[in-house]
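Enquirer: Input file: start_37.csv. Contents: CSV, N, CA and C atoms and all ligand atoms.
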```csv
chain,number,residue,atom,x,y,z
A,47,MET,N,-70.7,8.5,-47.5
A,47,MET,CA,-69.3,8.5,-47.5
A,47,MET,C,-68.7,7.8,-46.3
A,48,ARG,N,-67.8,7.1,-46.5
A,48,ARG,CA,-67.2,6.5,-45.3
A,48,ARG,C,-65.7,7.0,-45.1
A,49,MET,N,-65.6,7.4,-44.0
A,49,MET,CA,-64.2,7.9,-43.7
A,49,MET,C,-63.4,6.8,-43.0
A,50,ARG,N,-62.3,6.8,-43.4
A,50,ARG,CA,-61.5,5.8,-42.8
A,50,ARG,C,-60.8,6.3,-41.5
A,51,SER,N,-61.3,5.8,-40.5
A,51,SER,CA,-60.7,6.3,-39.2
A,51,SER,C,-59.4,5.7,-39.0
A,52,SER,N,-58.5,6.3,-39.4
A,52,SER,CA,-57.1,5.7,-39.2
A,52,SER,C,-56.8,5.8,-37.7
A,53,SER,N,-57.0,4.7,-37.1
A,53,SER,CA,-56.7,4.7,-35.7
A,53,SER,C,-55.3,5.3,-35.3
A,54,VAL,N,-55.5,6.4,-34.8
A,54,VAL,CA,-54.2,7.0,-34.4
A,54,VAL,C,-53.7,6.4,-33.1
A,55,ARG,N,-53.0,5.4,-33.4
A,55,ARG,CA,-52.4,4.8,-32.2
A,55,ARG,C,-51.1,5.5,-31.8
A,56,SER,N,-51.3,6.2,-30.8
A,56,SER,CA,-50.0,6.9,-30.4
A,56,SER,C,-49.0,5.9,-30.0
A,57,ALA,N,-48.1,5.8,-30.8
A,57,ALA,CA,-47.0,4.8,-30.5
A,57,ALA,C,-46.4,5.2,-29.2
A,58,LEU,N,-46.8,4.5,-28.2
A,58,LEU,CA,-46.3,4.8,-26.9
A,58,LEU,C,-45.0,4.1,-26.7
A,59,ALA,N,-44.2,4.3,-27.6
A,59,ALA,CA,-42.8,3.7,-27.4
A,59,ALA,C,-42.0,4.6,-26.5
A,60,LEU,N,-42.6,4.9,-25.4
A,60,LEU,CA,-41.8,5.7,-24.5
A,60,LEU,C,-40.5,5.0,-24.0
A,61,SER,N,-39.6,5.7,-24.1
A,61,SER,CA,-38.3,5.1,-23.7
A,61,SER,C,-38.3,5.0,-22.2
A,62,VAL,N,-38.6,3.9,-21.7
A,62,VAL,CA,-38.5,3.7,-20.3
A,62,VAL,C,-37.2,3.0,-20.0
A,63,VAL,N,-36.3,3.3,-20.8
A,63,VAL,CA,-35.0,2.7,-20.7
A,63,VAL,C,-34.2,3.3,-19.6
A,64,CYS,N,-34.4,4.6,-19.4
A,64,CYS,CA,-33.6,5.3,-18.5
A,64,CYS,C,-33.9,5.0,-17.0
A,65,VAL,N,-33.9,3.8,-16.6
A,65,VAL,CA,-34.1,3.4,-15.2
A,65,VAL,C,-32.8,3.9,-14.5
A,66,ALA,N,-33.0,4.9,-13.8
A,66,ALA,CA,-31.9,5.5,-13.1
A,66,ALA,C,-30.9,4.5,-12.7
A,67,ALA,N,-29.7,4.6,-13.2
A,67,ALA,CA,-28.6,3.7,-12.8
A,67,ALA,C,-28.1,4.2,-11.4
A,68,LEU,N,-28.8,3.7,-10.4
A,68,LEU,CA,-28.4,4.0,-9.1
A,68,LEU,C,-27.0,3.3,-8.7
A,69,PRO,N,-26.2,4.1,-8.2
A,69,PRO,CA,-24.9,3.5,-7.7
A,69,PRO,C,-25.2,2.6,-6.5
A,70,VAL,N,-24.7,1.4,-6.6
A,70,VAL,CA,-24.9,0.5,-5.4
A,70,VAL,C,-23.7,0.6,-4.5
A,71,GLY,N,-24.0,1.0,-3.3
A,71,GLY,CA,-23.0,1.0,-2.3
A,71,GLY,C,-21.8,1.9,-2.7
A,72,GLY,N,-22.2,3.1,-3.1
A,72,GLY,CA,-21.2,4.0,-3.6
A,72,GLY,C,-20.5,4.8,-2.5
A,73,THR,N,-20.3,4.2,-1.4
A,73,THR,CA,-19.6,5.0,-0.3
A,73,THR,C,-18.3,4.4,0.0
A,74,GLY,N,-17.5,5.1,0.5
A,74,GLY,CA,-16.2,4.6,1.0
A,74,GLY,C,-15.1,4.6,0.0
A,75,GLN,N,-15.5,5.0,-1.2
A,75,GLN,CA,-14.4,5.0,-2.3
A,75,GLN,C,-14.0,6.4,-2.6
A,76,GLY,N,-13.8,7.1,-1.5
A,76,GLY,CA,-13.6,8.6,-1.6
A,76,GLY,C,-12.4,9.1,-2.4
A,77,GLY,N,-11.8,8.2,-3.1
A,77,GLY,CA,-10.7,8.6,-4.0
A,77,GLY,C,-9.8,9.7,-3.5
A,78,ALA,N,-9.8,10.8,-4.2
A,78,ALA,CA,-8.9,11.9,-3.8
A,78,ALA,C,-9.5,12.9,-2.9
A,79,SER,N,-10.7,12.7,-2.5
A,79,SER,CA,-11.4,13.6,-1.7
A,79,SER,C,-11.0,13.4,-0.2
A,80,GLY,N,-10.1,14.1,0.2
A,80,GLY,CA,-9.5,14.0,1.6
A,80,GLY,C,-10.3,13.2,2.6
A,81,ARG,N,-9.7,12.2,3.1
A,81,ARG,CA,-10.4,11.4,4.1
A,81,ARG,C,-10.1,12.0,5.5
A,82,ALA,N,-11.1,11.6,6.4
A,82,ALA,CA,-11.0,12.2,7.8
A,82,ALA,C,-9.7,11.6,8.4
A,83,PRO,N,-9.0,12.5,9.1
A,83,PRO,CA,-7.7,12.0,9.7
A,83,PRO,C,-8.0,11.1,10.8
A,84,GLU,N,-7.3,10.0,10.8
A,84,GLU,CA,-7.5,9.0,11.9
A,84,GLU,C,-6.8,9.4,13.1
A,85,PRO,N,-7.4,9.2,14.3
A,85,PRO,CA,-6.7,9.6,15.5
A,85,PRO,C,-5.5,8.6,15.7
A,86,VAL,N,-4.4,9.1,16.1
A,86,VAL,CA,-3.3,8.2,16.4
A,86,VAL,C,-2.8,8.5,17.8
A,87,ARG,N,-2.5,7.4,18.5
A,87,ARG,CA,-2.1,7.6,19.9
A,87,ARG,C,-0.8,6.8,20.0
A,88,THR,N,0.2,7.4,20.6
A,88,THR,CA,1.4,6.7,20.9
A,88,THR,C,1.4,6.1,22.3
A,89,ILE,N,1.8,4.8,22.4
A,89,ILE,CA,1.9,4.2,23.7
A,89,ILE,C,3.3,3.5,23.8
A,90,ASP,N,3.9,3.9,24.9
A,90,ASP,CA,5.2,3.3,25.2
A,90,ASP,C,5.1,2.1,26.2
A,91,ILE,N,5.6,1.0,25.9
A,91,ILE,CA,5.5,-0.1,26.8
A,91,ILE,C,6.9,-0.7,27.0
A,92,THR,N,7.2,-0.9,28.2
A,92,THR,CA,8.5,-1.5,28.6
A,92,THR,C,8.3,-3.0,29.0
A,93,ALA,N,9.2,-3.8,28.4
A,93,ALA,CA,9.1,-5.3,28.7
A,93,ALA,C,10.3,-5.7,29.5
A,94,GLU,N,10.1,-6.5,30.5
A,94,GLU,CA,11.2,-7.1,31.3
A,94,GLU,C,10.6,-8.4,31.9
A,95,ARG,N,11.6,-9.2,32.3
A,95,ARG,CA,11.1,-10.5,32.9
A,95,ARG,C,10.3,-10.2,34.2
A,96,PHE,N,9.1,-10.5,34.3
A,96,PHE,CA,8.3,-11.1,33.3
A,96,PHE,C,7.0,-10.3,33.2
A,97,SER,N,7.1,-9.1,32.8
A,97,SER,CA,5.9,-8.3,32.7
A,97,SER,C,6.1,-7.2,31.7
A,98,PHE,N,4.9,-6.6,31.3
A,98,PHE,CA,4.9,-5.4,30.5
A,98,PHE,C,4.4,-4.3,31.3
A,99,THR,N,5.0,-3.1,31.1
A,99,THR,CA,4.6,-1.9,31.9
A,99,THR,C,4.3,-0.8,30.9
A,100,PRO,N,3.1,-0.3,30.8
A,100,PRO,CA,1.9,-0.8,31.5
A,100,PRO,C,1.4,-2.1,31.0
A,101,SER,N,0.6,-2.8,31.9
A,101,SER,CA,0.1,-4.1,31.4
A,101,SER,C,-1.4,-4.0,31.1
A,102,GLU,N,-1.9,-2.7,31.2
A,102,GLU,CA,-3.3,-2.5,30.8
A,102,GLU,C,-3.4,-1.2,30.0
A,103,ILE,N,-4.0,-1.4,28.8
A,103,ILE,CA,-4.1,-0.2,27.9
A,103,ILE,C,-5.6,0.0,27.7
A,104,ARG,N,-6.0,1.2,27.7
A,104,ARG,CA,-7.4,1.5,27.4
A,104,ARG,C,-7.5,2.4,26.2
A,105,THR,N,-8.3,2.0,25.3
A,105,THR,CA,-8.4,2.8,24.1
A,105,THR,C,-9.8,2.6,23.5
A,106,THR,N,-10.0,3.2,22.3
A,106,THR,CA,-11.3,3.2,21.7
A,106,THR,C,-11.2,2.6,20.2
A,107,VAL,N,-12.3,2.1,19.8
A,107,VAL,CA,-12.4,1.5,18.4
A,107,VAL,C,-12.0,2.6,17.4
A,108,GLY,N,-11.2,2.2,16.5
A,108,GLY,CA,-10.9,3.1,15.4
A,108,GLY,C,-9.7,4.0,15.7
A,109,THR,N,-9.2,4.0,16.9
A,109,THR,CA,-8.0,4.8,17.2
A,109,THR,C,-6.8,3.9,16.9
A,110,THR,N,-5.9,4.5,16.0
A,110,THR,CA,-4.7,3.8,15.7
A,110,THR,C,-3.7,4.0,16.8
A,111,LEU,N,-3.2,2.9,17.3
A,111,LEU,CA,-2.2,2.9,18.3
A,111,LEU,C,-0.8,2.7,17.7
A,112,GLU,N,0.1,3.6,18.0
A,112,GLU,CA,1.5,3.3,17.6
A,112,GLU,C,2.1,2.8,18.9
A,113,ILE,N,2.4,1.5,19.0
A,113,ILE,CA,2.9,1.0,20.2
A,113,ILE,C,4.4,0.8,20.1
A,114,ARG,N,5.1,1.5,21.0
A,114,ARG,CA,6.6,1.4,20.9
A,114,ARG,C,7.1,0.6,22.1
A,115,LEU,N,7.8,-0.4,21.8
A,115,LEU,CA,8.2,-1.4,22.8
A,115,LEU,C,9.7,-1.4,23.0
A,116,THR,N,10.1,-1.4,24.3
A,116,THR,CA,11.5,-1.4,24.7
A,116,THR,C,11.7,-2.5,25.7
A,117,SER,N,12.8,-3.2,25.6
A,117,SER,CA,13.1,-4.2,26.6
A,117,SER,C,14.1,-3.7,27.6
A,118,ASP,N,13.9,-4.1,28.8
A,118,ASP,CA,14.8,-3.7,29.9
A,118,ASP,C,15.8,-4.8,30.2
A,119,ASP,N,15.7,-5.9,29.5
A,119,ASP,CA,16.7,-7.0,29.7
A,119,ASP,C,16.9,-7.8,28.4
A,120,THR,N,16.3,-8.9,28.3
A,120,THR,CA,16.6,-9.8,27.2
A,120,THR,C,15.6,-9.5,26.0
A,121,ALA,N,15.7,-10.2,25.0
A,121,ALA,CA,14.7,-10.1,23.9
A,121,ALA,C,13.4,-10.7,24.3
A,122,HIS,N,12.3,-10.0,23.9
A,122,HIS,CA,11.0,-10.5,24.2
A,122,HIS,C,10.2,-10.4,22.9
A,123,GLY,N,9.0,-10.8,23.0
A,123,GLY,CA,8.1,-10.7,21.9
A,123,GLY,C,6.8,-9.9,22.3
A,124,PHE,N,6.1,-9.5,21.4
A,124,PHE,CA,4.8,-8.8,21.7
A,124,PHE,C,3.8,-9.3,20.7
A,125,ARG,N,2.8,-10.0,21.2
A,125,ARG,CA,1.8,-10.5,20.3
A,125,ARG,C,0.4,-10.1,20.9
A,126,ILE,N,-0.5,-9.7,20.0
A,126,ILE,CA,-1.8,-9.4,20.4
A,126,ILE,C,-2.6,-10.6,20.0
A,127,VAL,N,-3.1,-11.3,20.9
A,127,VAL,CA,-3.8,-12.6,20.6
A,127,VAL,C,-5.0,-12.3,19.7
A,128,GLY,N,-5.2,-13.1,18.6
A,128,GLY,CA,-6.3,-12.9,17.8
A,128,GLY,C,-6.1,-11.9,16.7
A,129,THR,N,-4.9,-11.4,16.6
A,129,THR,CA,-4.6,-10.4,15.5
A,129,THR,C,-3.3,-10.9,14.9
A,130,ASN,N,-2.9,-10.2,13.9
A,130,ASN,CA,-1.6,-10.6,13.2
A,130,ASN,C,-0.4,-9.8,13.8
A,131,VAL,N,-0.6,-9.2,14.9
A,131,VAL,CA,0.4,-8.4,15.5
A,131,VAL,C,1.3,-9.4,16.3
A,132,ASP,N,2.6,-9.5,15.9
A,132,ASP,CA,3.5,-10.3,16.7
A,132,ASP,C,4.9,-9.8,16.2
A,133,ILE,N,5.6,-9.1,17.1
A,133,ILE,CA,6.9,-8.6,16.7
A,133,ILE,C,7.9,-8.9,17.8
A,134,GLU,N,9.1,-8.8,17.5
A,134,GLU,CA,10.2,-9.1,18.4
A,134,GLU,C,10.8,-7.9,18.9
A,135,LEU,N,11.1,-7.8,20.2
A,135,LEU,CA,11.7,-6.7,20.8
A,135,LEU,C,13.2,-7.0,21.0
A,136,PRO,N,14.0,-6.1,20.6
A,136,PRO,CA,15.5,-6.3,20.7
A,136,PRO,C,15.9,-6.2,22.2
A,137,LYS,N,17.0,-6.8,22.5
A,137,LYS,CA,17.5,-6.7,23.9
A,137,LYS,C,17.7,-5.3,24.3
A,138,ARG,N,17.9,-5.1,25.6
A,138,ARG,CA,18.1,-3.8,26.1
A,138,ARG,C,19.3,-3.1,25.4
A,139,GLY,N,19.1,-1.9,25.1
A,139,GLY,CA,20.2,-1.1,24.5
A,139,GLY,C,20.3,-1.3,23.0
A,140,ARG,N,19.5,-2.2,22.4
A,140,ARG,CA,19.5,-2.4,21.0
A,140,ARG,C,18.3,-1.7,20.3
A,141,GLY,N,17.7,-0.7,20.9
A,141,GLY,CA,16.7,0.0,20.3
A,141,GLY,C,15.3,-0.5,20.6
A,142,ARG,N,14.3,-0.1,19.9
A,142,ARG,CA,13.0,-0.5,20.2
A,142,ARG,C,12.2,-1.0,19.0
A,143,ALA,N,11.1,-1.6,19.2
A,143,ALA,CA,10.3,-2.1,18.2
A,143,ALA,C,9.0,-1.3,18.2
A,144,THR,N,8.5,-1.0,17.0
A,144,THR,CA,7.3,-0.3,16.9
A,144,THR,C,6.3,-1.0,16.0
A,145,VAL,N,5.0,-1.0,16.4
A,145,VAL,CA,4.0,-1.6,15.6
A,145,VAL,C,2.7,-0.8,15.8
A,146,THR,N,2.0,-0.7,14.7
A,146,THR,CA,0.7,0.0,14.8
A,146,THR,C,-0.5,-1.0,14.8
A,147,PHE,N,-1.5,-0.6,15.5
A,147,PHE,CA,-2.7,-1.5,15.6
A,147,PHE,C,-3.9,-0.6,15.7
A,148,THR,N,-4.9,-1.0,14.9
A,148,THR,CA,-6.2,-0.2,15.0
A,148,THR,C,-7.3,-1.2,15.3
A,149,PRO,N,-7.7,-1.3,16.6
A,149,PRO,CA,-8.8,-2.2,16.9
A,149,PRO,C,-10.1,-1.8,16.2
A,150,GLU,N,-10.7,-2.8,15.6
A,150,GLU,CA,-12.0,-2.5,14.9
A,150,GLU,C,-13.2,-2.9,15.6
A,151,ARG,N,-13.0,-3.6,16.7
A,151,ARG,CA,-14.1,-4.1,17.5
A,151,ARG,C,-13.8,-3.8,19.0
A,152,ALA,N,-14.9,-3.6,19.7
A,152,ALA,CA,-14.7,-3.4,21.1
A,152,ALA,C,-14.5,-4.7,21.8
A,153,GLY,N,-13.8,-4.7,22.9
A,153,GLY,CA,-13.6,-5.9,23.7
A,153,GLY,C,-12.3,-5.9,24.4
A,154,ARG,N,-11.9,-7.0,24.9
A,154,ARG,CA,-10.6,-7.2,25.6
A,154,ARG,C,-9.7,-8.0,24.8
A,155,TYR,N,-8.5,-7.4,24.5
A,155,TYR,CA,-7.5,-8.1,23.7
A,155,TYR,C,-6.3,-8.4,24.6
A,156,THR,N,-6.0,-9.7,24.6
A,156,THR,CA,-4.8,-10.1,25.4
A,156,THR,C,-3.6,-9.9,24.6
A,157,PHE,N,-2.5,-9.3,25.2
A,157,PHE,CA,-1.3,-9.3,24.6
A,157,PHE,C,-0.3,-10.1,25.5
A,158,GLU,N,0.7,-10.7,24.8
A,158,GLU,CA,1.6,-11.5,25.6
A,158,GLU,C,3.0,-11.6,24.9
A,159,CYS,N,3.9,-12.1,25.7
A,159,CYS,CA,5.3,-12.2,25.2
A,159,CYS,C,5.2,-13.5,24.3
A,160,SER,N,5.9,-13.3,23.1
A,160,SER,CA,5.9,-14.4,22.1
A,160,SER,C,7.3,-15.0,21.9
A,161,ARG,N,8.2,-14.6,22.7
A,161,ARG,CA,9.6,-15.2,22.6
A,161,ARG,C,9.9,-15.8,24.0
A,162,LEU,N,10.3,-17.0,24.0
A,162,LEU,CA,10.6,-17.7,25.2
A,162,LEU,C,11.7,-16.9,25.9
A,163,CYS,N,11.4,-16.4,27.1
A,163,CYS,CA,12.4,-15.5,27.7
A,163,CYS,C,12.8,-16.0,29.1
A,164,GLY,N,12.2,-17.1,29.6
A,164,GLY,CA,12.6,-17.6,30.9
A,164,GLY,C,11.4,-18.2,31.6
A,165,ALA,N,11.6,-18.5,32.9
A,165,ALA,CA,10.7,-19.3,33.6
A,165,ALA,C,9.3,-18.7,33.7
A,166,GLY,N,9.3,-17.3,33.7
A,166,GLY,CA,7.9,-16.7,33.9
A,166,GLY,C,7.3,-16.3,32.6
A,167,HIS,N,7.9,-16.7,31.5
A,167,HIS,CA,7.4,-16.3,30.2
A,167,HIS,C,5.9,-16.4,30.0
A,168,ASP,N,5.3,-17.6,30.4
A,168,ASP,CA,3.9,-17.8,30.2
A,168,ASP,C,3.0,-16.8,31.0
A,169,PHE,N,3.6,-16.1,31.9
A,169,PHE,CA,2.8,-15.2,32.7
A,169,PHE,C,3.0,-13.7,32.3
A,170,MET,N,3.8,-13.6,31.2
A,170,MET,CA,4.1,-12.2,30.8
A,170,MET,C,3.1,-11.8,29.8
A,171,ARG,N,2.1,-11.1,30.3
A,171,ARG,CA,1.0,-10.7,29.5
A,171,ARG,C,0.3,-9.5,30.0
A,172,GLY,N,-0.6,-9.0,29.2
A,172,GLY,CA,-1.4,-7.8,29.6
A,172,GLY,C,-2.7,-7.8,28.8
A,173,VAL,N,-3.4,-6.7,29.0
A,173,VAL,CA,-4.7,-6.6,28.3
A,173,VAL,C,-4.9,-5.2,27.8
A,174,MET,N,-5.6,-5.2,26.6
A,174,MET,CA,-6.0,-4.0,26.0
A,174,MET,C,-7.5,-3.9,26.0
A,175,VAL,N,-8.0,-2.9,26.7
A,175,VAL,CA,-9.5,-2.8,26.8
A,175,VAL,C,-10.0,-1.8,25.7
A,176,VAL,N,-10.7,-2.2,24.8
A,176,VAL,CA,-11.2,-1.4,23.7
A,176,VAL,C,-12.7,-1.1,23.9
A,177,SER,N,-13.0,0.2,23.9
A,177,SER,CA,-14.4,0.5,24.1
A,177,SER,C,-14.9,1.2,22.8
A,178,GLU,N,-16.2,1.3,22.6
A,178,GLU,CA,-16.7,2.0,21.5
A,178,GLU,C,-16.3,3.5,21.5
A,179,ALA,N,-16.1,4.0,20.4
A,179,ALA,CA,-15.6,5.4,20.3
A,179,ALA,C,-16.8,6.3,20.8
A,180,ASP,N,-16.5,7.3,21.6
A,180,ASP,CA,-17.5,8.2,22.1
A,180,ASP,C,-18.0,9.0,20.9
A,181,LYS,N,-19.3,9.2,20.9
A,181,LYS,CA,-19.9,10.0,19.8
A,181,LYS,C,-20.1,11.4,20.3
A,182,GLU,N,-19.2,11.9,20.8
A,182,GLU,CA,-19.3,13.3,21.3
A,182,GLU,C,-19.0,14.3,20.3
A,183,ALA,N,-20.0,14.6,19.4
A,183,ALA,CA,-19.7,15.6,18.3
A,183,ALA,C,-19.7,17.0,18.9
A,184,ARG,N,-18.6,17.5,19.1
A,184,ARG,CA,-18.5,18.8,19.6
A,184,ARG,C,-18.0,19.8,18.6
B,1,CU,CU,8.8,-14.3,26.9
```
Could you render the structure from this file as structure tokens?

Expert:
Amino acid sequence: MRMRSSSVRSALALSVVCVAALPVGGTGQGGASGRAPEPVRTIDITAERFSFTPSEIRTTVGTTLEIRLTSDDTAHGFRIVGTNVDIELPKRGRGRATVTFTPERAGRYTFECSRLCGAGHDFMRGVMVVSEADKEAR
């Protein structure tokens, strides 16, 4: 007698379909999950022919600066070279101008007057020194 060996081929149709759908770069879209509060620092600068006081600001990467500018005489401008920050300061007694700026890279940023204000206009400038944020996790 001959037996028909029905080759039991286990149909290995294993569903290898479920290749884990790994999220690619799924960070930073924190939606409604409260984000870490950014540090904010207020800096008051006075402008007058032909200087800013203070003329040197030291800060760290990621710190948002709220820069409040007041003129002690005529209208001036405040521009941070290499950024899109450029605002006009009203004349003395007409209030102040405020701009926020968050440096994303360390380095030296020059700021300068951007409204022609007189003979010394070209020398009316200062520097913002930005250093890496300290990683002092306390
Ligand atoms: Cu000027």

Enquirer: Work out how far apart atom C of Glu178 in chain A and CA of Gly128 in chain A are and give it in Å to one decimal.

Expert: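 According to the coordinates, atom C of Glu178 in chain A and CA of Gly128 in chain A are separated by 19.6 Å.
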
Enquirer: So which bits of range 83-137 of chain A end up strand (DSSP E) when you DSSP the backbone, as number ranges by chain?

Expert: A: 86-94, 97-99, 102-106, 110-117, 122-126, 132-135

Enquirer: Keeping only N, CA and C atoms, write the selected residues as a CSV table (one decimal), in the frame of the given file.

Expert:
```csv
chain,number,residue,atom,x,y,z
A,86,VAL,N,-4.4,9.1,16.1
A,86,VAL,CA,-3.3,8.2,16.4
A,86,VAL,C,-2.8,8.5,17.8
A,87,ARG,N,-2.5,7.4,18.5
A,87,ARG,CA,-2.1,7.6,19.9
A,87,ARG,C,-0.8,6.8,20.0
A,88,THR,N,0.2,7.4,20.6
A,88,THR,CA,1.4,6.7,20.9
A,88,THR,C,1.4,6.1,22.3
A,89,ILE,N,1.8,4.8,22.4
A,89,ILE,CA,1.9,4.2,23.7
A,89,ILE,C,3.3,3.5,23.8
A,90,ASP,N,3.9,3.9,24.9
A,90,ASP,CA,5.2,3.3,25.2
A,90,ASP,C,5.1,2.1,26.2
A,91,ILE,N,5.6,1.0,25.9
A,91,ILE,CA,5.5,-0.1,26.8
A,91,ILE,C,6.9,-0.7,27.0
A,92,THR,N,7.2,-0.9,28.2
A,92,THR,CA,8.5,-1.5,28.6
A,92,THR,C,8.3,-3.0,29.0
A,93,ALA,N,9.2,-3.8,28.4
A,93,ALA,CA,9.1,-5.3,28.7
A,93,ALA,C,10.3,-5.7,29.5
A,94,GLU,N,10.1,-6.5,30.5
A,94,GLU,CA,11.2,-7.1,31.3
A,94,GLU,C,10.6,-8.4,31.9
A,97,SER,N,7.1,-9.1,32.8
A,97,SER,CA,5.9,-8.3,32.7
A,97,SER,C,6.1,-7.2,31.7
A,98,PHE,N,4.9,-6.6,31.3
A,98,PHE,CA,4.9,-5.4,30.5
A,98,PHE,C,4.4,-4.3,31.3
A,99,THR,N,5.0,-3.1,31.1
A,99,THR,CA,4.6,-1.9,31.9
A,99,THR,C,4.3,-0.8,30.9
A,102,GLU,N,-1.9,-2.7,31.2
A,102,GLU,CA,-3.3,-2.5,30.8
A,102,GLU,C,-3.4,-1.2,30.0
A,103,ILE,N,-4.0,-1.4,28.8
A,103,ILE,CA,-4.1,-0.2,27.9
A,103,ILE,C,-5.6,0.0,27.7
A,104,ARG,N,-6.0,1.2,27.7
A,104,ARG,CA,-7.4,1.5,27.4
A,104,ARG,C,-7.5,2.4,26.2
A,105,THR,N,-8.3,2.0,25.3
A,105,THR,CA,-8.4,2.8,24.1
A,105,THR,C,-9.8,2.6,23.5
A,106,THR,N,-10.0,3.2,22.3
A,106,THR,CA,-11.3,3.2,21.7
A,106,THR,C,-11.2,2.6,20.2
A,110,THR,N,-5.9,4.5,16.0
A,110,THR,CA,-4.7,3.8,15.7
A,110,THR,C,-3.7,4.0,16.8
A,111,LEU,N,-3.2,2.9,17.3
A,111,LEU,CA,-2.2,2.9,18.3
A,111,LEU,C,-0.8,2.7,17.7
A,112,GLU,N,0.1,3.6,18.0
A,112,GLU,CA,1.5,3.3,17.6
A,112,GLU,C,2.1,2.8,18.9
A,113,ILE,N,2.4,1.5,19.0
A,113,ILE,CA,2.9,1.0,20.2
A,113,ILE,C,4.4,0.8,20.1
A,114,ARG,N,5.1,1.5,21.0
A,114,ARG,CA,6.6,1.4,20.9
A,114,ARG,C,7.1,0.6,22.1
A,115,LEU,N,7.8,-0.4,21.8
A,115,LEU,CA,8.2,-1.4,22.8
A,115,LEU,C,9.7,-1.4,23.0
A,116,THR,N,10.1,-1.4,24.3
A,116,THR,CA,11.5,-1.4,24.7
A,116,THR,C,11.7,-2.5,25.7
A,117,SER,N,12.8,-3.2,25.6
A,117,SER,CA,13.1,-4.2,26.6
A,117,SER,C,14.1,-3.7,27.6
A,122,HIS,N,12.3,-10.0,23.9
A,122,HIS,CA,11.0,-10.5,24.2
A,122,HIS,C,10.2,-10.4,22.9
A,123,GLY,N,9.0,-10.8,23.0
A,123,GLY,CA,8.1,-10.7,21.9
A,123,GLY,C,6.8,-9.9,22.3
A,124,PHE,N,6.1,-9.5,21.4
A,124,PHE,CA,4.8,-8.8,21.7
A,124,PHE,C,3.8,-9.3,20.7
A,125,ARG,N,2.8,-10.0,21.2
A,125,ARG,CA,1.8,-10.5,20.3
A,125,ARG,C,0.4,-10.1,20.9
A,126,ILE,N,-0.5,-9.7,20.0
A,126,ILE,CA,-1.8,-9.4,20.4
A,126,ILE,C,-2.6,-10.6,20.0
A,132,ASP,N,2.6,-9.5,15.9
A,132,ASP,CA,3.5,-10.3,16.7
A,132,ASP,C,4.9,-9.8,16.2
A,133,ILE,N,5.6,-9.1,17.1
A,133,ILE,CA,6.9,-8.6,16.7
A,133,ILE,C,7.9,-8.9,17.8
A,134,GLU,N,9.1,-8.8,17.5
A,134,GLU,CA,10.2,-9.1,18.4
A,134,GLU,C,10.8,-7.9,18.9
A,135,LEU,N,11.1,-7.8,20.2
A,135,LEU,CA,11.7,-6.7,20.8
A,135,LEU,C,13.2,-7.0,21.0
```

Enquirer: Please report, as CSV, each residue of chain A lying at most 6.5 Å from ligand CU 1 (chain B), together with the nearest pair of atoms and the separation in Å rounded to one decimal; use all atoms listed in the file, and order rows by chain and ascending residue number.

Expert:
```
residue,atom,partner,partner_atom,distance
A:Ala121,C,B:CU1,CU,6.4
A:His122,CA,B:CU1,CU,5.2
A:Gly123,N,B:CU1,CU,5.2
A:Cys159,CA,B:CU1,CU,4.4
A:Ser160,N,B:CU1,CU,4.9
A:Arg161,C,B:CU1,CU,3.4
A:Leu162,C,B:CU1,CU,4.0
A:Cys163,N,B:CU1,CU,3.3
A:Gly164,N,B:CU1,CU,5.2
A:Gly166,C,B:CU1,CU,6.2
A:His167,CA,B:CU1,CU,4.1
A:Asp168,N,B:CU1,CU,5.9
A:Met170,CA,B:CU1,CU,6.5
```

Enquirer: In Å, how far is it from CA of Arg154 in chain A to atom N of Ile126 in chain A?

Expert: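 Calculated distance between CA of Arg154 in chain A and atom N of Ile126 in chain A is 11.8 Å.
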
Enquirer: What is the distance between atom C of Ala143 in chain A and atom C of Thr88 in chain A, in Å to one decimal?

Expert: 11.4 Å

Enquirer: Is there a way to get, as JSON, numbers by chain, all residues within 7 Å of the point (7.6, 3.1, 24.9) in file coordinates, counting all atoms listed in the file?

Expert: {"A": [89, 90, 91, 92, 113, 114, 115, 116]}

Enquirer: Please return as a count of residues only every residue within 6.5 Å of (14.6, -6.9, 20.9), taking into account all atoms listed in the file and the file's own coordinates.

Expert: 11

Enquirer: Smallest atom-to-atom distance to Val176 in chain A: which of A:Val107, A:Asn130, A:Glu94, A:Thr99, using only N, CA and C atoms?

Expert: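 Among the listed residues, A:Val107 lies closest to Val176 in chain A.
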
Enquirer: Might you pull out every residue within 7 Å of Tyr155 in chain A, with all atoms listed in the file counted and same-chain residues fewer than 3 positions away left off, and present them as a short mmCIF file (atom, residue, chain, number, x, y, z; two decimals) with N, CA and C atoms, in the frame of the given file?

Expert:
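Printed below is out-v8.cif as written:
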```cif
data_model
loop_
_atom_site.label_atom_id
_atom_site.label_comp_id
_atom_site.auth_asym_id
_atom_site.auth_seq_id
_atom_site.Cartn_x
_atom_site.Cartn_y
_atom_site.Cartn_z
N ILE A 126 -0.50 -9.70 20.00
CA ILE A 126 -1.80 -9.40 20.40
C ILE A 126 -2.60 -10.60 20.00
N VAL A 127 -3.10 -11.30 20.90
CA VAL A 127 -3.80 -12.60 20.60
C VAL A 127 -5.00 -12.30 19.70
N GLY A 172 -0.60 -9.00 29.20
CA GLY A 172 -1.40 -7.80 29.60
C GLY A 172 -2.70 -7.80 28.80
N VAL A 173 -3.40 -6.70 29.00
CA VAL A 173 -4.70 -6.60 28.30
C VAL A 173 -4.90 -5.20 27.80
N MET A 174 -5.60 -5.20 26.60
CA MET A 174 -6.00 -4.00 26.00
C MET A 174 -7.50 -3.90 26.00
N VAL A 175 -8.00 -2.90 26.70
CA VAL A 175 -9.50 -2.80 26.80
C VAL A 175 -10.00 -1.80 25.70
N VAL A 176 -10.70 -2.20 24.80
CA VAL A 176 -11.20 -1.40 23.70
C VAL A 176 -12.70 -1.10 23.90
#
```

Enquirer: With distances taken over only C-alpha atoms, which of A:Thr156, A:Ser97, A:Thr109, A:Thr144 is nearest to Thr129 in chain A?

Expert: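 For Thr129 in chain A, the nearest of the candidates is A:Thr156.
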